[in-house]
Amino acid sequence: MFIVIGANGRIGSAVASRLLNAGRPVTAVLHSNNNEADWRSRGAQTAVVDVRDTDGLRAVFRTGKRAFLLNPNADISTDTDREEHATVRSIVAALEGSGLEKVVAASTYGAQPGERCGDLNVLYHFEQALAAQPIPATIQRGAYYMSNWDQLLDAAKCGMLPTMLPADMKIPMVAPPDLGKAAARHLLELPRDQDVHHVEGPERYSPRDVADAFAAVLGHQVKVELIPRDQWIAAYGKLGFSAAAAESYARMTAVSVDSGFAMSEPFERGETTLEDYIGALVARSRGSHVAASRVL
């Protein structure tokens, strides 16, 4: 049995779907019963459990042999660093006595030691905690999610693409389904000592490339609008981030920009181009509302 945390999310759902399509047994770990019936209709077992419930999560792990681990995003109105460190501790503690033979964990490009720098620090601590326990762990560091542009669709429809990233800065980006595909493959590989894989898309793209991709699909010009660095904390606050979360995410953005998003070699490439991703996003929006993402 393969256990997949976050099966209702973009990456977790892609992992679970890949495994099911390969004929593998899957338990979809869900935070709520949303889509539980859908997963069961597709042949998966389901477990509704909060990842902060260490004992409950361990009980789920004991039903399987391999697991995909994803530390869920905290509510942006909270102190996200504090909350996400707490869920990391719970997930890692649940591995003790679980009987799992292998785990694959989602992390990020640029993961590094420190405090109050969003995912860069939280996921680095996740990696280190997994390295300190005995179950073989594969770390998959993903590039900047193409889905982070989803929330700017309405702005693009009005001809603008506000961003904190320099307009012509080429950075590694990746579509979440490609991360799910890679993680499913790693789950199927033989257990080994901890190793780290980097995954990004077929090319590196700039915000101007994103604007051009929107323009090509929407049929009108889309201009990049740079948000000055001294306005980043306020910009996050306007999106609903708490003061602590806004400061943390502004620092994470600054470190990412200043480091060039810590681009790494070697890496593997996903198949989804930015143009294909944006095209599919716009097509979906014509029939549904686009939910807000977390990062500019």
# chains A, B, ... in the order shown; residues from 1 in each chain; ligands from 1

$ residues_around --residues "Arg58 of chain A" --least-positions-apart "5" --cutoff "10 Å" --atoms "only C-alpha atoms" --output "number ranges by chain"
A: 51, 53, 63, 90-100

$ residues_around --residues "Ala14 of chain A" --least-positions-apart "6" --cutoff "8 Å" --atoms "only C-alpha atoms" --output "MDAnalysis selection string"
chainID A and resid 7 176:177 179:181

$ residues_around --residues "Val29 of chain A" --least-positions-apart "6" --cutoff "12 Å" --atoms "only C-alpha atoms" --output "PyMOL selection string"
chain A and resi 2-9+12-13+15-16+35-36+39-40+44-51+56-61+63-64+67-70+72

$ atom_distance --atom1 "atom CA of Ala74 of chain A" --atom2 "atom CA of Pro136 of chain A"
26.5 Å

$ closest_atom_pairs --of "segment 154-209 of chain A" --to "segment 253-276 of chain A" --cutoff "7 Å" --atoms "only C-alpha atoms" --output "JSON lines"
{"residue": "A:Leu165", "atom": "CA", "partner": "A:Val257", "partner_atom": "CA", "distance": 6.8}
{"residue": "A:Ile171", "atom": "CA", "partner": "A:Phe261", "partner_atom": "CA", "distance": 6.6}
{"residue": "A:Pro172", "atom": "CA", "partner": "A:Met263", "partner_atom": "CA", "distance": 7.0}
{"residue": "A:Val174", "atom": "CA", "partner": "A:Gly270", "partner_atom": "CA", "distance": 6.9}
{"residue": "A:Ala175", "atom": "CA", "partner": "A:Thr272", "partner_atom": "CA", "distance": 6.3}
{"residue": "A:Asp178", "atom": "CA", "partner": "A:Gly270", "partner_atom": "CA", "distance": 5.2}
{"residue": "A:His197", "atom": "CA", "partner": "A:Phe267", "partner_atom": "CA", "distance": 6.6}
{"residue": "A:His198", "atom": "CA", "partner": "A:Phe267", "partner_atom": "CA", "distance": 4.7}
{"residue": "A:Val199", "atom": "CA", "partner": "A:Glu268", "partner_atom": "CA", "distance": 5.0}
{"residue": "A:Glu200", "atom": "CA", "partner": "A:Arg269", "partner_atom": "CA", "distance": 5.1}
{"residue": "A:Gly201", "atom": "CA", "partner": "A:Gly270", "partner_atom": "CA", "distance": 4.6}
{"residue": "A:Pro202", "atom": "CA", "partner": "A:Arg269", "partner_atom": "CA", "distance": 5.3}

$ closest_residue --among "A:Glu101, A:Asp75, A:Asp209, A:Glu225" --to "Met1 of chain A" --atoms "only C-alpha atoms"
A:Glu101

$ atom_distance --atom1 "atom CA of Arg52 of chain A" --atom2 "atom CA of Asn148 of chain A"
25.7 Å

$ closest_residue --among "A:Leu130, A:Ala86, A:Ala211, A:Val282" --to "Ser107 of chain A" --atoms "only C-alpha atoms"
A:Leu130

$ select_by_dssp --residues "segment 61-107 of chain A" --states "strand (DSSP E)" --output "tab-separated table (two decimals) with C-alpha atoms, in the first residue's frame"
chain	number	residue	atom	x	y	z
A	66	ARG	CA	5.75	3.47	1.25
A	67	ALA	CA	4.53	7.03	1.71
A	68	PHE	CA	4.58	10.40	-0.02
A	69	LEU	CA	5.10	13.14	2.56
A	102	LYS	CA	10.59	4.13	2.20
A	103	VAL	CA	9.29	7.72	2.02
A	104	VAL	CA	9.43	10.43	-0.65
A	105	ALA	CA	9.13	13.99	0.64
A	106	ALA	CA	8.28	17.21	-1.22
A	107	SER	CA	10.71	20.07	-0.66

$ select_by_dssp --residues "segment 94-238 of chain A" --states "helix (DSSP H, G or I)" --output "PyMOL selection string"
chain A and resi 94-95+119-131+146-157+176-188+207-218+229-238

$ write_last_selection --atoms "C-alpha atoms" --output "JSON list (two decimals), in the first residue's frame"
[["chain", "number", "residue", "atom", "x", "y", "z"],
["A", 94, "ALA", "CA", 4.49, 9.60, 13.09],
["A", 95, "LEU", "CA", 7.16, 7.72, 11.14],
["A", 119, "ASP", "CA", 9.30, 27.31, 3.01],
["A", 120, "LEU", "CA", 13.06, 27.69, 2.54],
["A", 121, "ASN", "CA", 13.66, 27.12, 6.25],
["A", 122, "VAL", "CA", 10.65, 24.96, 7.12],
["A", 123, "LEU", "CA", 11.35, 22.45, 4.37],
["A", 124, "TYR", "CA", 15.09, 22.41, 5.08],
["A", 125, "HIS", "CA", 14.26, 21.42, 8.66],
["A", 126, "PHE", "CA", 11.91, 18.77, 7.23],
["A", 127, "GLU", "CA", 14.79, 17.37, 5.15],
["A", 128, "GLN", "CA", 17.13, 17.34, 8.14],
["A", 129, "ALA", "CA", 14.59, 15.61, 10.38],
["A", 130, "LEU", "CA", 14.06, 12.91, 7.77],
["A", 131, "ALA", "CA", 17.81, 12.42, 7.47],
["A", 146, "MET", "CA", 3.67, 27.52, -12.27],
["A", 147, "SER", "CA", 0.46, 27.43, -10.24],
["A", 148, "ASN", "CA", 1.68, 30.47, -8.29],
["A", 149, "TRP", "CA", 0.58, 32.51, -11.31],
["A", 150, "ASP", "CA", -3.02, 31.27, -11.08],
["A", 151, "GLN", "CA", -4.11, 34.09, -8.78],
["A", 152, "LEU", "CA", -3.02, 36.68, -11.35],
["A", 153, "LEU", "CA", -5.38, 35.52, -14.08],
["A", 154, "ASP", "CA", -7.92, 38.25, -13.34],
["A", 155, "ALA", "CA", -5.18, 40.89, -13.39],
["A", 156, "ALA", "CA", -3.89, 39.50, -16.68],
["A", 157, "LYS", "CA", -7.38, 39.75, -18.11],
["A", 176, "PRO", "CA", 2.64, 20.52, -10.08],
["A", 177, "PRO", "CA", 1.52, 17.48, -12.13],
["A", 178, "ASP", "CA", 5.12, 17.02, -13.28],
["A", 179, "LEU", "CA", 6.23, 17.00, -9.63],
["A", 180, "GLY", "CA", 3.59, 14.39, -8.90],
["A", 181, "LYS", "CA", 4.77, 12.25, -11.80],
["A", 182, "ALA", "CA", 8.38, 12.36, -10.60],
["A", 183, "ALA", "CA", 7.43, 11.62, -6.99],
["A", 184, "ALA", "CA", 5.35, 8.59, -8.01],
["A", 185, "ARG", "CA", 8.31, 7.25, -9.95],
["A", 186, "HIS", "CA", 10.61, 7.68, -6.94],
["A", 187, "LEU", "CA", 8.10, 5.86, -4.74],
["A", 188, "LEU", "CA", 8.27, 2.87, -7.05],
["A", 207, "PRO", "CA", 7.69, 37.09, -15.52],
["A", 208, "ARG", "CA", 7.75, 38.67, -18.98],
["A", 209, "ASP", "CA", 7.44, 35.18, -20.46],
["A", 210, "VAL", "CA", 4.44, 34.62, -18.18],
["A", 211, "ALA", "CA", 2.86, 37.88, -19.35],
["A", 212, "ASP", "CA", 3.44, 36.89, -22.97],
["A", 213, "ALA", "CA", 1.89, 33.48, -22.36],
["A", 214, "PHE", "CA", -1.22, 35.11, -20.88],
["A", 215, "ALA", "CA", -1.32, 37.60, -23.76],
["A", 216, "ALA", "CA", -1.17, 34.85, -26.38],
["A", 217, "VAL", "CA", -4.19, 33.07, -24.89],
["A", 218, "LEU", "CA", -6.21, 36.13, -23.87],
["A", 229, "ARG", "CA", 10.73, 45.60, -2.51],
["A", 230, "ASP", "CA", 9.74, 48.09, 0.18],
["A", 231, "GLN", "CA", 6.09, 47.28, -0.55],
["A", 232, "TRP", "CA", 6.33, 43.48, -0.35],
["A", 233, "ILE", "CA", 5.20, 43.08, 3.26],
["A", 234, "ALA", "CA", 2.21, 45.34, 2.64],
["A", 235, "ALA", "CA", 1.38, 43.43, -0.55],
["A", 236, "TYR", "CA", 1.30, 40.13, 1.31],
["A", 237, "GLY", "CA", -0.81, 41.75, 4.02],
["A", 238, "LYS", "CA", -3.39, 42.81, 1.43]]

$ residues_around --residues "Ala246 of chain A" --least-positions-apart "3" --cutoff "12 Å" --atoms "only C-alpha atoms" --output "PDB file with C-alpha atoms, in the first residue's frame"
ATOM      1  CA  ILE A  76      -1.968  32.435   5.866  1.00  0.00           C
ATOM      2  CA  SER A  77      -3.811  34.328   8.602  1.00  0.00           C
ATOM      3  CA  THR A  78      -1.693  32.481  11.207  1.00  0.00           C
ATOM      4  CA  ASP A  79       2.001  32.487  12.033  1.00  0.00           C
ATOM      5  CA  THR A  80       2.755  30.142   9.134  1.00  0.00           C
ATOM      6  CA  ASP A  81       6.332  29.364  10.194  1.00  0.00           C
ATOM      7  CA  ARG A 116      11.568  33.109   9.481  1.00  0.00           C
ATOM      8  CA  CYS A 117      12.131  32.583   5.776  1.00  0.00           C
ATOM      9  CA  GLY A 118       9.026  30.609   4.848  1.00  0.00           C
ATOM     10  CA  GLN A 231       6.087  47.277  -0.546  1.00  0.00           C
ATOM     11  CA  TRP A 232       6.331  43.478  -0.352  1.00  0.00           C
ATOM     12  CA  ILE A 233       5.201  43.083   3.258  1.00  0.00           C
ATOM     13  CA  ALA A 234       2.210  45.342   2.637  1.00  0.00           C
ATOM     14  CA  ALA A 235       1.376  43.432  -0.553  1.00  0.00           C
ATOM     15  CA  TYR A 236       1.297  40.131   1.311  1.00  0.00           C
ATOM     16  CA  GLY A 237      -0.806  41.754   4.018  1.00  0.00           C
ATOM     17  CA  LYS A 238      -3.387  42.809   1.432  1.00  0.00           C
ATOM     18  CA  LEU A 239      -3.647  39.161   0.382  1.00  0.00           C
ATOM     19  CA  GLY A 240      -4.679  38.206   3.931  1.00  0.00           C
ATOM     20  CA  PHE A 241      -1.310  37.174   5.386  1.00  0.00           C
ATOM     21  CA  SER A 242      -0.787  37.753   9.095  1.00  0.00           C
ATOM     22  CA  ALA A 243       1.977  40.197  10.044  1.00  0.00           C
ATOM     23  CA  TYR A 249       7.211  35.412   2.935  1.00  0.00           C
ATOM     24  CA  ALA A 250       8.760  38.755   2.033  1.00  0.00           C
ATOM     25  CA  ARG A 251      12.091  37.479   3.352  1.00  0.00           C
ATOM     26  CA  MET A 252      11.678  34.233   1.419  1.00  0.00           C
ATOM     27  CA  THR A 253      10.988  36.209  -1.757  1.00  0.00           C
ATOM     28  CA  ARG A 294      -0.158  31.856  -1.698  1.00  0.00           C
ATOM     29  CA  VAL A 295       2.893  33.283  -3.412  1.00  0.00           C
ATOM     30  CA  LEU A 296       3.359  36.096  -5.900  1.00  0.00           C
TER      31      LEU A 296
END

$ atom_distance --atom1 "atom CA of Ile135 of chain A" --atom2 "atom CA of Pro191 of chain A"
8.8 Å

$ closest_residue --among "A:Pro166, A:Pro25, A:Gly43, A:Pro134" --to "Ser206 of chain A" --atoms "only C-alpha atoms"
A:Pro166
